[in-house]
Amino acid sequence: MLVIDNPTVEKVLTVPEVIDALEECHRALSDGEAINAPNYRVFTPRSGKDYGPRFPEGGHPTHHAFTSLTGSIASIDITSDRVDSDIITYVRREGRLRQIRVPGTKDRKFCGMIYLYSSRTGELLSIVHDGYLQKFRVAGSCAIGTKYLARKDAKVMALIGTGWQAQAQVLCQAAVRKLDRIKVYSPTPGNSEAFAKRWSEEAGVEIVPVSSAREAVRGADLIVTATNSPEPVVKTEWLEPGQFITGVKDTELELSGWEKCDPLITNRKGPFWMRYAIGGADVIPEEGKGYWGKASKIDWEHAPLLGDVMLGKHPGRTSDDQIIGMILAGDGVQFTAVGARVYKLCKDRGLGVDLPRELFLQDEKYIP
C-alpha cells in the first residue's frame, strides 16, 4: 500500500498528465462508465479561541468540516474517496465574505487525503495527499472547458483571484490555448502585482494586474474565477458576446449570468453539496446559496456535460457570438482520475512510501 505525499505528487504530476487524466474521466462520465456519489460535509461547531493568536481576526462561524467526494471509473478499476478534515471559518475582507481554512494543529498542519481502492479486489492501493493535486484537478477541468468551448481565436483571459487555485489556472489555461495576455484582479492591495510578477514567466504569458474585476472582464475572451468568496464576484451585465466563463464555484457569477449562457455546460449532475451540521446547517454561509435546482431559466436536469461536448454528443460552441458558461462542481471522479495517474507514475518510478498491505486488510474469519 503506497503512501504518496505532496512533494512526491509535485515531482511527478505535470499539466499534460493532469489534462490527459481528466479528459479520460469526463469522457467516461458521459459514456456512463464513471459515477459520482453526492458530495457531503459534516460540521462540528468550534471556537476560534482554540486555535491561538494567529486565528483570523473576526472569524465566524467556525467549524470542523469533514468532507467526502467519492467517484469510480470502471476502465481503470479504481474507486476513490477524497477526504478532508479541516477547520473552517469565515471573515469579511475588502467588503467580501471569504472562507478561510485554519491549520488546526500546533505545528500548523492540514489533513486531506485521497484513498484509492481497487474496484477489482476491493483493497486499498494508495493514500495520496490531496493538496498539490487538488488545485490542478480544478484548473485542469477549467482548461478542458476552455479547449472545447472558448472561441478558437481566444487570446485574452480574465482571472479573478490570485490565490492557491489561481496559480494552477494560469499554467493549465496556457497549456490548452496560445494566450497573449491574462488580466488579473485581486481585491487585496498588492496581490495582483505580486501574482503577475511571480507567474508571467512560468506560464509563458504576459500577466497584467488591473484595478477591478470589471476591468479584467471587459474585452476578455475567457473568464476564470478562482476565489474563496461564497458570493458573486462577476456581474451578469459585464458579460459580452463570445465570452466563455468558468471557475471554482458556481456562486462566483450571479445566477442570472449563468442564465445568460447558451449553452450552459456542467461537469456533473445533481446537487453540488450536502451539508450536515450539529446545531443546523443554516449557520453555514454557503448553505442554500448553491444554484443547482433553483428556480430559474436553466433546465438543470438536462444541462449537457463537458464529456458530452468532448464526444460530440452536444455541439458546444456553434457561433462566435455565443456566451458559454461551464459550472464546475466538486467531483469525485476527478480525484479518482488524477489520483490514479499519480499512483501509476509513482509505481513506475519507485516513489512513495510502501507499507505492508496486511495492515489494511482483514482475515476472512473476522468478516460475517
# chains A, B, ... in the order shown; residues from 1 in each chain; ligands from 1
>>> select_by_dssp(residues="range 69-137 of chain A", states="helix (DSSP H, G or I)", output="list in words")
Ala74, Ser75, Ile76, Gly131, Tyr132, Leu133, Gln134, Lys135, Phe136 and Arg137 of chain A
>>> residues_around(residues="Ala340 in chain A", least_positions_apart="3", cutoff="12 Å", atoms="only C-alpha atoms", output="number ranges by chain")
A: 2, 4, 9, 13, 17-18, 21-22, 24-25, 71-73, 75-81, 114-118, 125-128, 133, 333-337, 343-347
>>> residues_around(residues="range 277-279 of chain A", least_positions_apart="4", cutoff="9 Å", atoms="only C-alpha atoms", output="PyMOL selection string")
chain A and resi 41-45+63+65+283-284
>>> write_last_selection(atoms="N, CA, C and O atoms", output="PDB file, in the first residue's frame")
ATOM      1  N   ARG A  41     -20.529  17.279   3.476  1.00  0.00           N
ATOM      2  CA  ARG A  41     -19.701  17.814   4.558  1.00  0.00           C
ATOM      3  C   ARG A  41     -20.457  17.686   5.877  1.00  0.00           C
ATOM      4  O   ARG A  41     -21.656  17.965   5.941  1.00  0.00           O
ATOM      5  N   VAL A  42     -19.728  17.291   6.913  1.00  0.00           N
ATOM      6  CA  VAL A  42     -20.274  17.189   8.264  1.00  0.00           C
ATOM      7  C   VAL A  42     -19.568  18.237   9.127  1.00  0.00           C
ATOM      8  O   VAL A  42     -18.332  18.250   9.212  1.00  0.00           O
ATOM      9  N   PHE A  43     -20.348  19.119   9.754  1.00  0.00           N
ATOM     10  CA  PHE A  43     -19.796  20.253  10.500  1.00  0.00           C
ATOM     11  C   PHE A  43     -19.996  20.075  12.004  1.00  0.00           C
ATOM     12  O   PHE A  43     -21.100  19.746  12.449  1.00  0.00           O
ATOM     13  N   THR A  44     -18.936  20.332  12.760  1.00  0.00           N
ATOM     14  CA  THR A  44     -18.994  20.371  14.220  1.00  0.00           C
ATOM     15  C   THR A  44     -18.562  21.759  14.677  1.00  0.00           C
ATOM     16  O   THR A  44     -17.470  22.213  14.326  1.00  0.00           O
ATOM     17  N   PRO A  45     -19.378  22.473  15.466  1.00  0.00           N
ATOM     18  CA  PRO A  45     -19.014  23.833  15.875  1.00  0.00           C
ATOM     19  C   PRO A  45     -17.721  23.855  16.694  1.00  0.00           C
ATOM     20  O   PRO A  45     -17.484  22.985  17.534  1.00  0.00           O
ATOM     21  N   HIS A  63     -16.023  25.973  12.283  1.00  0.00           N
ATOM     22  CA  HIS A  63     -16.427  24.566  12.386  1.00  0.00           C
ATOM     23  C   HIS A  63     -15.266  23.655  12.018  1.00  0.00           C
ATOM     24  O   HIS A  63     -14.378  24.036  11.250  1.00  0.00           O
ATOM     25  N   ALA A  65     -14.849  20.715   9.622  1.00  0.00           N
ATOM     26  CA  ALA A  65     -15.588  20.255   8.450  1.00  0.00           C
ATOM     27  C   ALA A  65     -14.961  18.968   7.938  1.00  0.00           C
ATOM     28  O   ALA A  65     -13.783  18.953   7.568  1.00  0.00           O
ATOM     29  N   VAL A 283     -26.415  27.869   9.649  1.00  0.00           N
ATOM     30  CA  VAL A 283     -25.389  28.817  10.088  1.00  0.00           C
ATOM     31  C   VAL A 283     -24.188  28.822   9.135  1.00  0.00           C
ATOM     32  O   VAL A 283     -23.321  29.694   9.236  1.00  0.00           O
ATOM     33  N   ILE A 284     -24.102  27.866   8.219  1.00  0.00           N
ATOM     34  CA  ILE A 284     -23.004  27.809   7.261  1.00  0.00           C
ATOM     35  C   ILE A 284     -23.289  28.815   6.148  1.00  0.00           C
ATOM     36  O   ILE A 284     -24.339  28.746   5.499  1.00  0.00           O
TER      37      ILE A 284
END
>>> select_by_dssp(residues="range 106-198 of chain A", states="strand (DSSP E)", output="list in words")
Cys111, Gly112, Met113, Ile114, Tyr115, Leu116, Tyr117, Ser118, Leu124, Leu125, Ser126, Ile127, Val128, His129, Val156, Met157, Ala158, Leu159, Ile160, Arg181, Ile182, Lys183, Val184 and Tyr185 of chain A
>>> write_last_selection(atoms="N, CA, C and O atoms", output="mmCIF file, in the first residue's frame")
data_model
loop_
_atom_site.group_PDB
_atom_site.id
_atom_site.type_symbol
_atom_site.label_atom_id
_atom_site.label_comp_id
_atom_site.auth_asym_id
_atom_site.auth_seq_id
_atom_site.Cartn_x
_atom_site.Cartn_y
_atom_site.Cartn_z
ATOM 1 N N CYS A 111 -5.059 18.253 7.115
ATOM 2 C CA CYS A 111 -5.303 16.831 6.872
ATOM 3 C C CYS A 111 -6.255 16.657 5.694
ATOM 4 O O CYS A 111 -7.430 17.008 5.779
ATOM 5 N N GLY A 112 -5.720 16.145 4.581
ATOM 6 C CA GLY A 112 -6.542 15.878 3.410
ATOM 7 C C GLY A 112 -5.919 14.764 2.595
ATOM 8 O O GLY A 112 -4.743 14.820 2.240
ATOM 9 N N MET A 113 -6.679 13.715 2.305
ATOM 10 C CA MET A 113 -6.154 12.529 1.642
ATOM 11 C C MET A 113 -7.116 12.035 0.563
ATOM 12 O O MET A 113 -8.327 12.225 0.642
ATOM 13 N N ILE A 114 -6.545 11.359 -0.441
ATOM 14 C CA ILE A 114 -7.324 10.614 -1.420
ATOM 15 C C ILE A 114 -7.037 9.137 -1.201
ATOM 16 O O ILE A 114 -5.872 8.718 -1.237
ATOM 17 N N TYR A 115 -8.074 8.370 -0.938
ATOM 18 C CA TYR A 115 -7.938 6.931 -0.727
ATOM 19 C C TYR A 115 -8.301 6.226 -2.041
ATOM 20 O O TYR A 115 -9.446 6.327 -2.498
ATOM 21 N N LEU A 116 -7.339 5.544 -2.644
ATOM 22 C CA LEU A 116 -7.541 4.847 -3.907
ATOM 23 C C LEU A 116 -7.745 3.358 -3.649
ATOM 24 O O LEU A 116 -6.884 2.707 -3.048
ATOM 25 N N TYR A 117 -8.862 2.824 -4.104
ATOM 26 C CA TYR A 117 -9.189 1.416 -3.915
ATOM 27 C C TYR A 117 -9.275 0.710 -5.266
ATOM 28 O O TYR A 117 -9.748 1.292 -6.256
ATOM 29 N N SER A 118 -8.856 -0.542 -5.299
ATOM 30 C CA SER A 118 -9.076 -1.374 -6.473
ATOM 31 C C SER A 118 -10.538 -1.806 -6.500
ATOM 32 O O SER A 118 -11.026 -2.421 -5.545
ATOM 33 N N LEU A 124 -7.249 -1.437 -0.530
ATOM 34 C CA LEU A 124 -6.711 -0.081 -0.568
ATOM 35 C C LEU A 124 -5.346 -0.117 -1.252
ATOM 36 O O LEU A 124 -4.432 -0.822 -0.809
ATOM 37 N N LEU A 125 -5.203 0.640 -2.324
ATOM 38 C CA LEU A 125 -3.964 0.664 -3.087
ATOM 39 C C LEU A 125 -3.024 1.777 -2.645
ATOM 40 O O LEU A 125 -1.797 1.597 -2.629
ATOM 41 N N SER A 126 -3.605 2.924 -2.300
ATOM 42 C CA SER A 126 -2.752 4.081 -2.030
ATOM 43 C C SER A 126 -3.505 5.141 -1.239
ATOM 44 O O SER A 126 -4.732 5.251 -1.335
ATOM 45 N N ILE A 127 -2.749 5.887 -0.455
ATOM 46 C CA ILE A 127 -3.240 7.103 0.192
ATOM 47 C C ILE A 127 -2.391 8.249 -0.346
ATOM 48 O O ILE A 127 -1.162 8.229 -0.219
ATOM 49 N N VAL A 128 -3.051 9.230 -0.970
ATOM 50 C CA VAL A 128 -2.352 10.323 -1.635
ATOM 51 C C VAL A 128 -2.716 11.640 -0.965
ATOM 52 O O VAL A 128 -3.907 11.931 -0.777
ATOM 53 N N HIS A 129 -1.725 12.450 -0.598
ATOM 54 C CA HIS A 129 -2.018 13.802 -0.125
ATOM 55 C C HIS A 129 -2.774 14.563 -1.211
ATOM 56 O O HIS A 129 -2.419 14.476 -2.401
ATOM 57 N N VAL A 156 -7.229 36.509 -24.905
ATOM 58 C CA VAL A 156 -7.156 37.311 -23.675
ATOM 59 C C VAL A 156 -8.009 36.660 -22.592
ATOM 60 O O VAL A 156 -9.193 36.380 -22.808
ATOM 61 N N MET A 157 -7.398 36.430 -21.442
ATOM 62 C CA MET A 157 -8.072 35.776 -20.328
ATOM 63 C C MET A 157 -8.214 36.749 -19.163
ATOM 64 O O MET A 157 -7.297 37.512 -18.853
ATOM 65 N N ALA A 158 -9.376 36.734 -18.523
ATOM 66 C CA ALA A 158 -9.581 37.450 -17.259
ATOM 67 C C ALA A 158 -9.486 36.442 -16.128
ATOM 68 O O ALA A 158 -10.127 35.389 -16.178
ATOM 69 N N LEU A 159 -8.705 36.758 -15.123
ATOM 70 C CA LEU A 159 -8.560 35.900 -13.952
ATOM 71 C C LEU A 159 -8.924 36.694 -12.714
ATOM 72 O O LEU A 159 -8.278 37.701 -12.395
ATOM 73 N N ILE A 160 -9.969 36.250 -12.020
ATOM 74 C CA ILE A 160 -10.388 36.911 -10.782
ATOM 75 C C ILE A 160 -9.902 36.048 -9.628
ATOM 76 O O ILE A 160 -10.382 34.920 -9.431
ATOM 77 N N ARG A 181 -2.423 37.441 -23.375
ATOM 78 C CA ARG A 181 -2.431 38.246 -22.151
ATOM 79 C C ARG A 181 -3.433 37.685 -21.164
ATOM 80 O O ARG A 181 -4.489 37.194 -21.542
ATOM 81 N N ILE A 182 -3.092 37.763 -19.880
ATOM 82 C CA ILE A 182 -4.003 37.439 -18.788
ATOM 83 C C ILE A 182 -4.146 38.686 -17.928
ATOM 84 O O ILE A 182 -3.146 39.199 -17.397
ATOM 85 N N LYS A 183 -5.377 39.177 -17.787
ATOM 86 C CA LYS A 183 -5.652 40.311 -16.905
ATOM 87 C C LYS A 183 -6.091 39.761 -15.554
ATOM 88 O O LYS A 183 -7.066 39.013 -15.482
ATOM 89 N N VAL A 184 -5.379 40.106 -14.503
ATOM 90 C CA VAL A 184 -5.637 39.516 -13.197
ATOM 91 C C VAL A 184 -6.071 40.585 -12.203
ATOM 92 O O VAL A 184 -5.535 41.703 -12.189
ATOM 93 N N TYR A 185 -7.046 40.208 -11.365
ATOM 94 C CA TYR A 185 -7.523 41.134 -10.328
ATOM 95 C C TYR A 185 -7.683 40.423 -9.000
ATOM 96 O O TYR A 185 -8.213 39.306 -8.927
#
>>> atom_distance(atom1="CA of Lys178 in chain A", atom2="CA of Gly190 in chain A")
27.1 Å
>>> atom_distance(atom1="CA of Val248 in chain A", atom2="CA of Leu328 in chain A")
6.3 Å
>>> residues_around(residues="Ala213 in chain A", least_positions_apart="6", cutoff="12 Å", atoms="only C-alpha atoms", output="PyMOL selection string")
chain A and resi 158-162+183-188+192+219-220+223-227+232-235+238-239+252-253
>>> closest_residue(among="A:Ile88, A:Ala74, A:Ala175, A:Val3", to="Ser119 in chain A", atoms="only C-alpha atoms")
A:Ala74
>>> residues_around(residues="range 196-201 of chain A", least_positions_apart="4", cutoff="8 Å", atoms="only C-alpha atoms", output="JSON, numbers by chain")
{"A": [167, 170, 184, 192, 205, 206, 207, 208, 209]}
>>> closest_residue(among="A:Gly242, A:Gly131, A:Gly330, A:Gly339", to="Lys152 in chain A", atoms="only C-alpha atoms")
A:Gly242
>>> atom_distance(atom1="CA of Ala203 in chain A", atom2="CA of Arg93 in chain A")
28.6 Å
>>> closest_residue(among="A:Phe66, A:Trp273, A:Phe244, A:Trp300", to="Ser319 in chain A", atoms="only C-alpha atoms")
A:Phe244
